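As provided, input_29.cif (mmCIF, C-alpha atoms, pLDDT in the B column; chains and numbers go by the auth columns) reads as follows.
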```
data_input
#
loop_
_atom_site.group_PDB
_atom_site.id
_atom_site.type_symbol
_atom_site.label_atom_id
_atom_site.label_comp_id
_atom_site.label_asym_id
_atom_site.label_seq_id
_atom_site.Cartn_x
_atom_site.Cartn_y
_atom_site.Cartn_z
_atom_site.B_iso_or_equiv
_atom_site.auth_seq_id
_atom_site.auth_asym_id
ATOM 1 C CA MET A 1 76.601 99.631 96.146 64.00 1 A
ATOM 2 C CA ALA A 2 80.326 100.092 96.689 75.00 2 A
ATOM 3 C CA THR A 3 81.470 103.538 97.726 91.00 3 A
ATOM 4 C CA VAL A 4 84.709 103.173 95.797 96.00 4 A
ATOM 5 C CA GLU A 5 85.840 100.271 93.675 97.00 5 A
ATOM 6 C CA LEU A 6 89.382 99.828 92.499 97.00 6 A
ATOM 7 C CA ARG A 7 90.836 97.403 89.975 98.00 7 A
ATOM 8 C CA PHE A 8 94.547 97.252 89.368 98.00 8 A
ATOM 9 C CA SER A 9 96.972 95.139 87.356 98.00 9 A
ATOM 10 C CA ALA A 10 98.517 92.489 89.606 97.00 10 A
ATOM 11 C CA LEU A 11 101.852 94.286 90.048 97.00 11 A
ATOM 12 C CA PRO A 12 103.634 95.048 93.346 97.00 12 A
ATOM 13 C CA GLU A 13 103.978 98.760 92.539 97.00 13 A
ATOM 14 C CA HIS A 14 100.209 99.255 92.634 97.00 14 A
ATOM 15 C CA VAL A 15 99.699 97.877 96.146 98.00 15 A
ATOM 16 C CA ARG A 16 100.750 101.205 97.638 97.00 16 A
ATOM 17 C CA THR A 17 98.082 102.991 95.592 97.00 17 A
ATOM 18 C CA ALA A 18 95.447 100.597 96.934 98.00 18 A
ATOM 19 C CA ARG A 19 96.610 101.310 100.511 97.00 19 A
ATOM 20 C CA LEU A 20 96.410 105.059 100.001 97.00 20 A
ATOM 21 C CA VAL A 21 92.961 104.923 98.413 97.00 21 A
ATOM 22 C CA ALA A 22 91.597 102.583 101.107 97.00 22 A
ATOM 23 C CA ALA A 23 92.917 104.778 103.924 97.00 23 A
ATOM 24 C CA ALA A 24 91.490 107.925 102.323 96.00 24 A
ATOM 25 C CA VAL A 25 88.034 106.395 101.837 96.00 25 A
ATOM 26 C CA ALA A 26 88.097 104.892 105.352 96.00 26 A
ATOM 27 C CA ARG A 27 88.930 108.285 106.861 95.00 27 A
ATOM 28 C CA ARG A 28 86.057 109.867 104.990 94.00 28 A
ATOM 29 C CA ALA A 29 83.702 107.088 106.116 94.00 29 A
ATOM 30 C CA GLY A 30 84.450 107.943 109.741 94.00 30 A
ATOM 31 C CA VAL A 31 86.885 105.194 110.724 95.00 31 A
ATOM 32 C CA ASP A 32 88.807 106.343 113.791 94.00 32 A
ATOM 33 C CA GLU A 33 92.150 108.011 113.025 91.00 33 A
ATOM 34 C CA ALA A 34 93.903 105.618 115.407 88.00 34 A
ATOM 35 C CA VAL A 35 92.685 102.651 113.362 93.00 35 A
ATOM 36 C CA LEU A 36 93.660 103.990 109.927 95.00 36 A
ATOM 37 C CA ASP A 37 97.156 102.527 110.203 93.00 37 A
ATOM 38 C CA GLU A 38 95.566 99.119 110.693 94.00 38 A
ATOM 39 C CA VAL A 39 93.296 99.614 107.686 96.00 39 A
ATOM 40 C CA ARG A 40 96.307 100.604 105.585 96.00 40 A
ATOM 41 C CA LEU A 41 98.310 97.581 106.701 96.00 41 A
ATOM 42 C CA ALA A 42 95.459 95.072 106.395 97.00 42 A
ATOM 43 C CA VAL A 43 94.450 96.158 102.903 98.00 43 A
ATOM 44 C CA GLY A 44 98.108 96.151 101.863 97.00 44 A
ATOM 45 C CA GLU A 45 98.528 92.601 103.122 97.00 45 A
ATOM 46 C CA ALA A 46 95.368 91.433 101.346 97.00 46 A
ATOM 47 C CA CYS A 47 96.423 93.076 98.068 98.00 47 A
ATOM 48 C CA THR A 48 99.978 91.751 98.352 97.00 48 A
ATOM 49 C CA ARG A 49 98.580 88.250 98.765 95.00 49 A
ATOM 50 C CA ALA A 50 96.253 88.668 95.764 96.00 50 A
ATOM 51 C CA VAL A 51 99.072 90.067 93.582 97.00 51 A
ATOM 52 C CA GLY A 52 101.295 87.143 94.597 95.00 52 A
ATOM 53 C CA LEU A 53 98.600 84.610 93.731 94.00 53 A
ATOM 54 C CA HIS A 54 97.923 86.214 90.335 96.00 54 A
ATOM 55 C CA LEU A 55 101.615 86.422 89.447 96.00 55 A
ATOM 56 C CA SER A 56 102.479 82.901 90.557 94.00 56 A
ATOM 57 C CA HIS A 57 99.519 81.368 88.729 94.00 57 A
ATOM 58 C CA GLY A 58 99.772 83.488 85.602 95.00 58 A
ATOM 59 C CA VAL A 59 96.355 85.087 86.140 95.00 59 A
ATOM 60 C CA GLU A 60 96.130 88.188 83.973 95.00 60 A
ATOM 61 C CA ALA A 61 92.936 89.590 85.461 96.00 61 A
ATOM 62 C CA PRO A 62 93.189 92.629 87.730 97.00 62 A
ATOM 63 C CA VAL A 63 92.964 92.519 91.519 98.00 63 A
ATOM 64 C CA ARG A 64 89.715 93.998 92.777 97.00 64 A
ATOM 65 C CA VAL A 65 89.279 96.131 95.904 98.00 65 A
ATOM 66 C CA VAL A 66 85.776 97.132 96.975 98.00 66 A
ATOM 67 C CA LEU A 67 85.428 99.788 99.669 97.00 67 A
ATOM 68 C CA THR A 68 81.971 100.213 101.146 97.00 68 A
ATOM 69 C CA ASP A 69 80.722 102.751 103.653 95.00 69 A
ATOM 70 C CA GLU A 70 77.879 100.895 105.365 93.00 70 A
ATOM 71 C CA GLU A 71 75.588 102.167 108.096 87.00 71 A
ATOM 72 C CA LYS A 72 77.789 101.561 111.111 92.00 72 A
ATOM 73 C CA LYS A 73 80.835 100.010 109.538 95.00 73 A
ATOM 74 C CA PHE A 74 83.327 100.403 106.770 96.00 74 A
ATOM 75 C CA SER A 75 84.108 97.265 104.833 97.00 75 A
ATOM 76 C CA ILE A 76 86.856 96.296 102.432 98.00 76 A
ATOM 77 C CA GLU A 77 86.771 93.323 100.146 97.00 77 A
ATOM 78 C CA VAL A 78 89.864 92.243 98.253 98.00 78 A
ATOM 79 C CA GLY A 79 89.251 89.667 95.555 97.00 79 A
ATOM 80 C CA ASP A 80 91.640 87.603 93.508 96.00 80 A
ATOM 81 C CA GLU A 81 90.780 85.405 90.544 95.00 81 A
ATOM 82 C CA THR A 82 92.936 82.417 91.421 92.00 82 A
ATOM 83 C CA PRO A 83 90.782 79.277 91.512 85.00 83 A
ATOM 84 C CA THR A 84 90.758 77.336 94.793 71.00 84 A
ATOM 85 C CA THR A 85 92.210 74.251 93.174 58.00 85 A
ATOM 86 C CA ALA A 86 95.265 76.165 91.978 50.00 86 A
ATOM 87 C CA GLY A 87 95.766 77.865 95.296 47.00 87 A
ATOM 88 C CA LEU A 88 95.396 74.878 97.561 48.00 88 A
ATOM 89 C CA THR A 89 96.634 71.820 95.700 46.00 89 A
ATOM 90 C CA PRO A 90 100.046 70.862 97.064 47.00 90 A
ATOM 91 C CA GLY A 91 102.785 71.042 94.486 45.00 91 A
ATOM 92 C CA SER A 92 100.822 73.212 92.086 44.00 92 A
ATOM 93 C CA HIS A 93 102.612 76.371 93.188 45.00 93 A
ATOM 94 C CA PRO A 94 105.088 77.112 90.392 45.00 94 A
ATOM 95 C CA ASP A 95 107.349 79.285 92.584 44.00 95 A
ATOM 96 C CA VAL A 96 107.629 76.831 95.420 40.00 96 A
ATOM 97 C CA ASP A 97 111.182 75.766 94.654 40.00 97 A
ATOM 98 C CA GLU A 98 112.408 79.136 93.581 41.00 98 A
ATOM 99 C CA GLU A 99 111.860 81.015 96.835 44.00 99 A
ATOM 100 C CA PRO A 100 110.727 78.980 99.821 44.00 100 A
ATOM 101 C CA ALA A 101 109.868 82.177 101.725 46.00 101 A
ATOM 102 C CA ALA A 102 107.097 83.088 99.277 51.00 102 A
ATOM 103 C CA GLU A 103 104.603 80.628 100.687 53.00 103 A
ATOM 104 C CA GLY A 104 105.514 81.554 104.257 61.00 104 A
ATOM 105 C CA GLU A 105 105.115 85.268 103.555 64.00 105 A
ATOM 106 C CA ASP A 106 101.653 84.627 102.211 70.00 106 A
ATOM 107 C CA GLU A 107 100.737 82.952 105.489 79.00 107 A
ATOM 108 C CA MET A 108 102.402 85.719 107.459 85.00 108 A
ATOM 109 C CA GLY A 109 100.230 88.204 105.556 90.00 109 A
ATOM 110 C CA LEU A 110 97.111 86.357 106.638 90.00 110 A
ATOM 111 C CA ALA A 111 98.472 86.158 110.198 88.00 111 A
ATOM 112 C CA VAL A 112 98.953 89.923 110.239 92.00 112 A
ATOM 113 C CA ILE A 113 95.425 90.486 108.946 94.00 113 A
ATOM 114 C CA SER A 114 93.832 88.207 111.533 91.00 114 A
ATOM 115 C CA GLY A 115 95.951 89.793 114.258 90.00 115 A
ATOM 116 C CA LEU A 116 94.859 93.282 113.239 91.00 116 A
ATOM 117 C CA VAL A 117 91.235 92.955 112.229 94.00 117 A
ATOM 118 C CA ASP A 118 88.484 91.653 114.505 93.00 118 A
ATOM 119 C CA ASP A 119 85.939 91.156 111.744 95.00 119 A
ATOM 120 C CA VAL A 120 87.585 89.253 108.906 96.00 120 A
ATOM 121 C CA GLU A 121 86.409 86.515 106.589 96.00 121 A
ATOM 122 C CA VAL A 122 88.523 84.589 104.103 94.00 122 A
ATOM 123 C CA THR A 123 86.732 82.579 101.449 93.00 123 A
ATOM 124 C CA THR A 124 87.855 80.668 98.386 90.00 124 A
ATOM 125 C CA SER A 125 85.933 79.326 95.427 89.00 125 A
ATOM 126 C CA ASP A 126 86.365 78.032 91.891 89.00 126 A
ATOM 127 C CA THR A 127 86.416 81.586 90.595 90.00 127 A
ATOM 128 C CA GLY A 128 88.810 83.059 93.127 93.00 128 A
ATOM 129 C CA GLY A 129 89.482 84.042 96.710 94.00 129 A
ATOM 130 C CA ARG A 130 88.097 86.873 98.766 96.00 130 A
ATOM 131 C CA ILE A 131 89.184 88.602 101.965 97.00 131 A
ATOM 132 C CA ARG A 132 86.467 90.645 103.598 97.00 132 A
ATOM 133 C CA MET A 133 87.266 92.934 106.520 97.00 133 A
ATOM 134 C CA SER A 134 85.319 95.580 108.348 97.00 134 A
ATOM 135 C CA TRP A 135 85.838 98.298 110.935 96.00 135 A
ATOM 136 C CA PRO A 136 83.274 100.230 112.951 94.00 136 A
ATOM 137 C CA THR A 137 82.660 103.850 112.014 93.00 137 A
ATOM 138 C CA ALA A 138 81.727 106.777 114.229 82.00 138 A
ATOM 139 C CA PRO A 139 78.026 107.640 113.786 67.00 139 A
ATOM 140 C CA GLN A 140 77.778 110.911 111.872 58.00 140 A
ATOM 141 C CA SER A 141 75.137 112.310 114.220 53.00 141 A
ATOM 142 C CA LEU A 142 77.471 112.074 117.209 52.00 142 A
ATOM 143 C CA LEU A 143 80.208 114.063 115.554 53.00 143 A
ATOM 144 C CA PRO A 144 80.474 117.658 116.824 55.00 144 A
ATOM 145 C CA MET B 1 107.310 107.243 98.897 66.00 1 B
ATOM 146 C CA ASP B 2 110.173 105.020 97.882 87.00 2 B
ATOM 147 C CA LEU B 3 112.631 103.172 100.052 96.00 3 B
ATOM 148 C CA SER B 4 115.895 104.816 101.046 97.00 4 B
ATOM 149 C CA LEU B 5 118.917 102.859 102.218 98.00 5 B
ATOM 150 C CA SER B 6 122.292 103.919 103.528 98.00 6 B
ATOM 151 C CA THR B 7 124.970 101.986 105.325 98.00 7 B
ATOM 152 C CA ARG B 8 127.814 102.964 107.624 97.00 8 B
ATOM 153 C CA THR B 9 130.258 101.126 109.839 97.00 9 B
ATOM 154 C CA VAL B 10 130.359 101.675 113.586 95.00 10 B
ATOM 155 C CA GLY B 11 133.083 99.580 115.232 92.00 11 B
ATOM 156 C CA ASP B 12 132.474 95.981 114.144 93.00 12 B
ATOM 157 C CA ARG B 13 128.826 96.663 113.308 97.00 13 B
ATOM 158 C CA THR B 14 127.268 97.686 110.030 98.00 14 B
ATOM 159 C CA VAL B 15 124.370 100.064 110.458 98.00 15 B
ATOM 160 C CA VAL B 16 121.744 100.033 107.706 98.00 16 B
ATOM 161 C CA GLU B 17 119.544 103.113 107.873 98.00 17 B
ATOM 162 C CA VAL B 18 116.195 102.465 106.227 98.00 18 B
ATOM 163 C CA GLY B 19 113.667 105.146 105.329 98.00 19 B
ATOM 164 C CA GLY B 20 110.289 105.209 103.612 97.00 20 B
ATOM 165 C CA GLU B 21 107.982 102.286 102.979 97.00 21 B
ATOM 166 C CA ILE B 22 108.955 98.622 103.066 97.00 22 B
ATOM 167 C CA ASP B 23 106.331 96.671 101.149 97.00 23 B
ATOM 168 C CA VAL B 24 105.983 94.086 98.397 96.00 24 B
ATOM 169 C CA TYR B 25 107.382 96.561 95.849 97.00 25 B
ATOM 170 C CA THR B 26 110.364 97.916 97.798 97.00 26 B
ATOM 171 C CA ALA B 27 111.299 94.917 99.975 97.00 27 B
ATOM 172 C CA PRO B 28 113.437 93.282 97.238 97.00 28 B
ATOM 173 C CA LYS B 29 115.780 96.316 97.436 97.00 29 B
ATOM 174 C CA LEU B 30 116.272 95.801 101.152 98.00 30 B
ATOM 175 C CA ARG B 31 116.783 92.075 100.578 98.00 31 B
ATOM 176 C CA GLU B 32 119.494 92.827 97.985 98.00 32 B
ATOM 177 C CA GLN B 33 121.212 95.209 100.366 98.00 33 B
ATOM 178 C CA LEU B 34 121.272 92.697 103.216 98.00 34 B
ATOM 179 C CA VAL B 35 122.434 89.856 100.972 98.00 35 B
ATOM 180 C CA GLU B 36 125.207 92.052 99.572 98.00 36 B
ATOM 181 C CA LEU B 37 126.395 93.056 103.046 98.00 37 B
ATOM 182 C CA VAL B 38 126.538 89.451 104.205 98.00 38 B
ATOM 183 C CA ASN B 39 128.292 88.350 101.005 98.00 39 B
ATOM 184 C CA ASP B 40 130.889 91.065 101.650 97.00 40 B
ATOM 185 C CA GLY B 41 131.551 89.638 105.097 97.00 41 B
ATOM 186 C CA ASN B 42 129.464 91.971 107.272 97.00 42 B
ATOM 187 C CA TYR B 43 127.849 89.614 109.771 97.00 43 B
ATOM 188 C CA HIS B 44 126.853 92.015 112.557 98.00 44 B
ATOM 189 C CA LEU B 45 124.073 94.196 111.267 98.00 45 B
ATOM 190 C CA VAL B 46 122.000 96.907 112.906 98.00 46 B
ATOM 191 C CA VAL B 47 118.914 97.873 110.909 98.00 47 B
ATOM 192 C CA ASP B 48 117.808 101.368 111.910 98.00 48 B
ATOM 193 C CA MET B 49 114.063 101.591 111.219 98.00 49 B
ATOM 194 C CA GLU B 50 113.420 105.010 112.722 97.00 50 B
ATOM 195 C CA GLY B 51 112.780 106.497 109.284 97.00 51 B
ATOM 196 C CA VAL B 52 110.399 103.745 108.198 97.00 52 B
ATOM 197 C CA ASP B 53 106.822 104.913 107.598 95.00 53 B
ATOM 198 C CA PHE B 54 105.323 101.583 106.656 96.00 54 B
ATOM 199 C CA LEU B 55 106.272 97.935 107.105 97.00 55 B
ATOM 200 C CA ASP B 56 104.301 94.873 106.046 96.00 56 B
ATOM 201 C CA SER B 57 104.786 91.105 106.147 95.00 57 B
ATOM 202 C CA THR B 58 106.959 91.171 103.019 96.00 58 B
ATOM 203 C CA GLY B 59 109.358 93.444 104.907 96.00 59 B
ATOM 204 C CA LEU B 60 109.230 91.162 107.929 96.00 60 B
ATOM 205 C CA GLY B 61 110.095 88.245 105.649 96.00 61 B
ATOM 206 C CA VAL B 62 113.165 90.097 104.356 97.00 62 B
ATOM 207 C CA LEU B 63 114.344 90.865 107.902 98.00 63 B
ATOM 208 C CA VAL B 64 113.871 87.227 108.916 97.00 64 B
ATOM 209 C CA GLY B 65 115.831 86.207 105.805 97.00 65 B
ATOM 210 C CA GLY B 66 118.614 88.616 106.804 98.00 66 B
ATOM 211 C CA LEU B 67 118.697 87.173 110.301 98.00 67 B
ATOM 212 C CA LYS B 68 118.961 83.667 108.870 97.00 68 B
ATOM 213 C CA ARG B 69 121.908 84.719 106.697 98.00 69 B
ATOM 214 C CA VAL B 70 123.918 86.414 109.454 98.00 70 B
ATOM 215 C CA ARG B 71 123.246 83.548 111.852 97.00 71 B
ATOM 216 C CA ALA B 72 124.791 81.150 109.352 97.00 72 B
ATOM 217 C CA HIS B 73 128.021 83.086 110.053 97.00 73 B
ATOM 218 C CA GLU B 74 127.388 83.374 113.786 96.00 74 B
ATOM 219 C CA GLY B 75 126.474 86.996 113.262 97.00 75 B
ATOM 220 C CA SER B 76 123.663 89.172 114.576 97.00 76 B
ATOM 221 C CA LEU B 77 120.870 91.348 113.270 98.00 77 B
ATOM 222 C CA ARG B 78 119.519 93.988 115.629 98.00 78 B
ATOM 223 C CA LEU B 79 116.717 96.426 114.981 98.00 79 B
ATOM 224 C CA VAL B 80 116.319 100.009 116.124 98.00 80 B
ATOM 225 C CA CYS B 81 112.710 101.089 116.388 97.00 81 B
ATOM 226 C CA ASN B 82 110.678 103.335 118.683 96.00 82 B
ATOM 227 C CA GLN B 83 107.575 103.695 116.541 96.00 83 B
ATOM 228 C CA GLU B 84 104.548 102.052 118.094 94.00 84 B
ATOM 229 C CA ARG B 85 102.819 101.323 114.766 91.00 85 B
ATOM 230 C CA ILE B 86 105.875 99.461 113.484 95.00 86 B
ATOM 231 C CA LEU B 87 106.502 97.664 116.788 96.00 87 B
ATOM 232 C CA LYS B 88 102.908 96.469 116.747 93.00 88 B
ATOM 233 C CA ILE B 89 103.560 94.408 113.602 93.00 89 B
ATOM 234 C CA PHE B 90 106.496 92.680 115.291 95.00 90 B
ATOM 235 C CA ARG B 91 104.324 91.979 118.318 93.00 91 B
ATOM 236 C CA ILE B 92 101.319 90.462 116.546 90.00 92 B
ATOM 237 C CA THR B 93 103.575 88.172 114.532 90.00 93 B
ATOM 238 C CA GLY B 94 105.585 87.108 117.594 91.00 94 B
ATOM 239 C CA LEU B 95 108.800 88.452 116.040 94.00 95 B
ATOM 240 C CA THR B 96 109.674 90.541 119.112 95.00 96 B
ATOM 241 C CA LYS B 97 110.995 87.240 120.461 95.00 97 B
ATOM 242 C CA VAL B 98 113.124 86.702 117.377 96.00 98 B
ATOM 243 C CA PHE B 99 114.742 90.115 116.934 97.00 99 B
ATOM 244 C CA PRO B 100 116.558 92.144 119.562 97.00 100 B
ATOM 245 C CA ILE B 101 114.826 95.538 119.265 98.00 101 B
ATOM 246 C CA HIS B 102 116.668 98.592 120.597 98.00 102 B
ATOM 247 C CA THR B 103 115.611 102.179 121.235 97.00 103 B
ATOM 248 C CA SER B 104 118.734 103.759 119.740 97.00 104 B
ATOM 249 C CA VAL B 105 121.563 102.937 117.328 97.00 105 B
ATOM 250 C CA ASP B 106 124.078 103.554 120.144 96.00 106 B
ATOM 251 C CA ASP B 107 122.277 101.002 122.284 96.00 107 B
ATOM 252 C CA ALA B 108 122.182 98.426 119.459 97.00 108 B
ATOM 253 C CA VAL B 109 125.859 98.945 118.611 95.00 109 B
ATOM 254 C CA ALA B 110 126.870 98.554 122.260 95.00 110 B
ATOM 255 C CA ALA B 111 124.773 95.393 122.785 92.00 111 B
ATOM 256 C CA THR B 112 126.717 92.176 123.018 83.00 112 B
ATOM 257 C CA ASP B 113 124.366 89.471 124.331 70.00 113 B
#
```

Can I see the file as structure tokens?
Amino acid sequence: MATVELRFSALPEHVRTARLVAAAVARRAGVDEAVLDEVRLAVGEACTRAVGLHLSHGVEAPVRVVLTDEEKKFSIEVGDETPTTAGLTPGSHPDVDEEPAAEGEDEMGLAVISGLVDDVEVTTSDTGGRIRMSWPTAPQSLLP
Amino acid sequence: MDLSLSTRTVGDRTVVEVGGEIDVYTAPKLREQLVELVNDGNYHLVVDMEGVDFLDSTGLGVLVGGLKRVRAHEGSLRLVCNQERILKIFRITGLTKVFPIHTSVDDAVAATD
């Protein structure tokens, strides 16, 4: 079961909230302080990407963030509800002419995530996309 | 925390002091500021990021866009940043090769290459 689950309307102003919540839960789960900046950035990038996909495809469903404190790791899953076909078919992106940087920024977001996180998995399906990331946690028994 | 922006002129350079968080919500403000400066004929920009607490790929995109705009006028866009967590984002995206990054505003203003 998820430790904390967050759903938010696909609006840019809520991405910061998701970052703050993820960092707070990660800290509590025992993720190293030095890595929390990476968690904050990675979850922000994943949420930004999901918000962008929802807005550009007119998806009204919320973006979902699942934070799970597992035995030796802390995992974050960010899910969007943009179907694969809409996300990957060339020419189907309604904003493509309006701001050419939008598509590039999306890729830059993924580049940042893969540069930051060792354990990351990006999947897409007919019901939406999913970015799953995890970080090791310090075993509770070893803490002073 | 919101984004704070202030600009001042030092010699032929325009220094943009940025504070707070640059993300998908606040980046449009920075974009507007840079576009406005270039439209007003300021082609040599120094973006002081010492007060920035958070920067993501949306912010990087805006900086790259700013660079593209000043270069169209043979201008320059230099960054001032000493914070390791911010520098790291430039490194993993390879943008340290794209932007001249300085340790102080004085250094960036004096740079000519």

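All polymer residues at most 9 Å from (99.3, 91.1, 88.4), using all atoms listed in the file, appear as Phe8, Ser9, Ala10, Leu11, Pro12, Ala50, Val51, Gly52, Leu53, His54, Leu55, Gly58, Val59, Glu60, Ala61, Pro62 and Val63 of chain A.
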
Once you count all atoms listed in the file, which residues of chain B turn out to be within 6 Å of chain A? Could you give them as a JSON list (two decimals) with C-alpha atoms, keeping the file's coordinate frame?
```json
[["chain", "number", "residue", "atom", "x", "y", "z"],
["B", 24, "VAL", "CA", 105.98, 94.09, 98.40],
["B", 25, "TYR", "CA", 107.38, 96.56, 95.85],
["B", 57, "SER", "CA", 104.79, 91.10, 106.15],
["B", 92, "ILE", "CA", 101.32, 90.46, 116.55]]
```

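Distances to Val10 (chain B) were evaluated for B:Arg71, B:His44, B:Arg31, B:Arg78 using only C-alpha atoms, and the minimum falls at B:His44.
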
- request: Identify, on the basis of only C-alpha atoms, every residue whose closest approach to Val109 (chain B) does not exceed 12 Å; exclude the query and any residue fewer than 6 positions from it along the same chain; express the result as a list of chain:residue names.
  value: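 Once the nearby chain positions are removed, what remains is B:Arg8, B:Thr9, B:Val10, B:Gly11, B:Asp12, B:Arg13, B:Thr14, B:Val15, B:Val16, B:His44, B:Leu45, B:Val46, B:Val47, B:Asp48, B:Ser76, B:Leu77, B:Arg78, B:Leu79, B:Val80, B:Pro100, B:Ile101, B:His102, B:Thr103.
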
CA of Glu32 (chain B) to CA of Gly51 (chain B), straight-line distance in Å: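 So the two atoms, CA of Gly51 (chain B) and CA of Glu32 (chain B), lie 19.0 Å apart.
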
- request: Would you please work out which residue, of B:Arg91, B:Arg85, B:Lys97, B:Lys68, is nearest to Tyr43 (chain B) when using all atoms listed in the file?
  value: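 Closest residue, counting all atoms listed in the file: B:Lys68.
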
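Picture a line from CA of Val39 (chain A) to CA of Val122 (chain A); it runs 16.2 Å.
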
message: Can you spell out as JSON, numbers by chain the set of residues that the PyMOL selection byres ((chain A and resi 69) around 12) selects in the structure I just provided?
response: {"A": [1, 2, 3, 4, 5, 22, 25, 26, 27, 28, 29, 30, 31, 66, 67, 68, 70, 71, 72, 73, 74, 75, 76, 77, 134, 135, 136, 137, 138, 139, 140]}

Let me see the file: selected residues, C-alpha atoms, as a PDB file, in the frame of the given file.
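Result went into result02.pdb, see below:
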```
ATOM      1  CA  MET A   1      76.601  99.631  96.146  1.00 64.00           C
ATOM      2  CA  ALA A   2      80.326 100.092  96.689  1.00 75.00           C
ATOM      3  CA  THR A   3      81.470 103.538  97.726  1.00 91.00           C
ATOM      4  CA  VAL A   4      84.709 103.173  95.797  1.00 96.00           C
ATOM      5  CA  GLU A   5      85.840 100.271  93.675  1.00 97.00           C
ATOM      6  CA  ALA A  22      91.597 102.583 101.107  1.00 97.00           C
ATOM      7  CA  VAL A  25      88.034 106.395 101.837  1.00 96.00           C
ATOM      8  CA  ALA A  26      88.097 104.892 105.352  1.00 96.00           C
ATOM      9  CA  ARG A  27      88.930 108.285 106.861  1.00 95.00           C
ATOM     10  CA  ARG A  28      86.057 109.867 104.990  1.00 94.00           C
ATOM     11  CA  ALA A  29      83.702 107.088 106.116  1.00 94.00           C
ATOM     12  CA  GLY A  30      84.450 107.943 109.741  1.00 94.00           C
ATOM     13  CA  VAL A  31      86.885 105.194 110.724  1.00 95.00           C
ATOM     14  CA  VAL A  66      85.776  97.132  96.975  1.00 98.00           C
ATOM     15  CA  LEU A  67      85.428  99.788  99.669  1.00 97.00           C
ATOM     16  CA  THR A  68      81.971 100.213 101.146  1.00 97.00           C
ATOM     17  CA  GLU A  70      77.879 100.895 105.365  1.00 93.00           C
ATOM     18  CA  GLU A  71      75.588 102.167 108.096  1.00 87.00           C
ATOM     19  CA  LYS A  72      77.789 101.561 111.111  1.00 92.00           C
ATOM     20  CA  LYS A  73      80.835 100.010 109.538  1.00 95.00           C
ATOM     21  CA  PHE A  74      83.327 100.403 106.770  1.00 96.00           C
ATOM     22  CA  SER A  75      84.108  97.265 104.833  1.00 97.00           C
ATOM     23  CA  ILE A  76      86.856  96.296 102.432  1.00 98.00           C
ATOM     24  CA  GLU A  77      86.771  93.323 100.146  1.00 97.00           C
ATOM     25  CA  SER A 134      85.319  95.580 108.348  1.00 97.00           C
ATOM     26  CA  TRP A 135      85.838  98.298 110.935  1.00 96.00           C
ATOM     27  CA  PRO A 136      83.274 100.230 112.951  1.00 94.00           C
ATOM     28  CA  THR A 137      82.660 103.850 112.014  1.00 93.00           C
ATOM     29  CA  ALA A 138      81.727 106.777 114.229  1.00 82.00           C
ATOM     30  CA  PRO A 139      78.026 107.640 113.786  1.00 67.00           C
ATOM     31  CA  GLN A 140      77.778 110.911 111.872  1.00 58.00           C
TER      32      GLN A 140
END
```

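Separating CA of Ile22 (chain B) from CA of Thr7 (chain B) is a distance of 16.5 Å.
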
- prompt: Which polymer residues have any atom within 9 Å of an atom of Asp2 (chain B), counting all atoms listed in the file, with same-chain residues fewer than 4 positions away left out, as a PyMOL selection string?
  reply: chain B and resi 19-22+26

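Nearest to Phe99 (chain B) of all the residues B:Val35, B:Cys81, B:Asp53, B:Ser4 is B:Cys81, counting only C-alpha atoms.
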
Env of Asp126 (chain A): 9 Å cut, atoms = only C-alpha atoms, seq-sep filter 5 positions within chain, self excluded. Answer as a compact mmCIF listing (two decimals) with C-alpha atoms, in the coordinates of the input.
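Written out: selection31.txt:
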```txt
# COMPACT_ATOMS: atom_id res chain seq x y z
CA GLU A 81 90.78 85.40 90.54
CA THR A 82 92.94 82.42 91.42
CA PRO A 83 90.78 79.28 91.51
CA THR A 84 90.76 77.34 94.79
CA THR A 85 92.21 74.25 93.17
```

Spatial neighbours of Val64 (chain B), 9 Å, all atoms listed in the file, chain gap at least 5 places, as a list in words: Gly59, Arg69, Leu95, Val98 and Phe99 of chain B

- prompt: If you apply the PyMOL selection byres ((chain A and resi 131) around 8) to this file, what residues do you get, as an MDAnalysis selection string?
  reply: chainID A and resid 46 77:79 120:123 129:130 132:133

Print the selection's residues with C-alpha atoms to a file, as a PDB file, in the coordinates of the input.
```pdb
ATOM      1  CA  ALA A  46      95.368  91.433 101.346  1.00 97.00           C
ATOM      2  CA  GLU A  77      86.771  93.323 100.146  1.00 97.00           C
ATOM      3  CA  VAL A  78      89.864  92.243  98.253  1.00 98.00           C
ATOM      4  CA  GLY A  79      89.251  89.667  95.555  1.00 97.00           C
ATOM      5  CA  VAL A 120      87.585  89.253 108.906  1.00 96.00           C
ATOM      6  CA  GLU A 121      86.409  86.515 106.589  1.00 96.00           C
ATOM      7  CA  VAL A 122      88.523  84.589 104.103  1.00 94.00           C
ATOM      8  CA  THR A 123      86.732  82.579 101.449  1.00 93.00           C
ATOM      9  CA  GLY A 129      89.482  84.042  96.710  1.00 94.00           C
ATOM     10  CA  ARG A 130      88.097  86.873  98.766  1.00 96.00           C
ATOM     11  CA  ARG A 132      86.467  90.645 103.598  1.00 97.00           C
ATOM     12  CA  MET A 133      87.266  92.934 106.520  1.00 97.00           C
TER      13      MET A 133
END
```

- request: Determine the nearest neighbour of Asp23 (chain B) from the options A:Ala24, A:Arg19, A:Asp119, A:Val65, counting all atoms listed in the file.
  value: A:Arg19
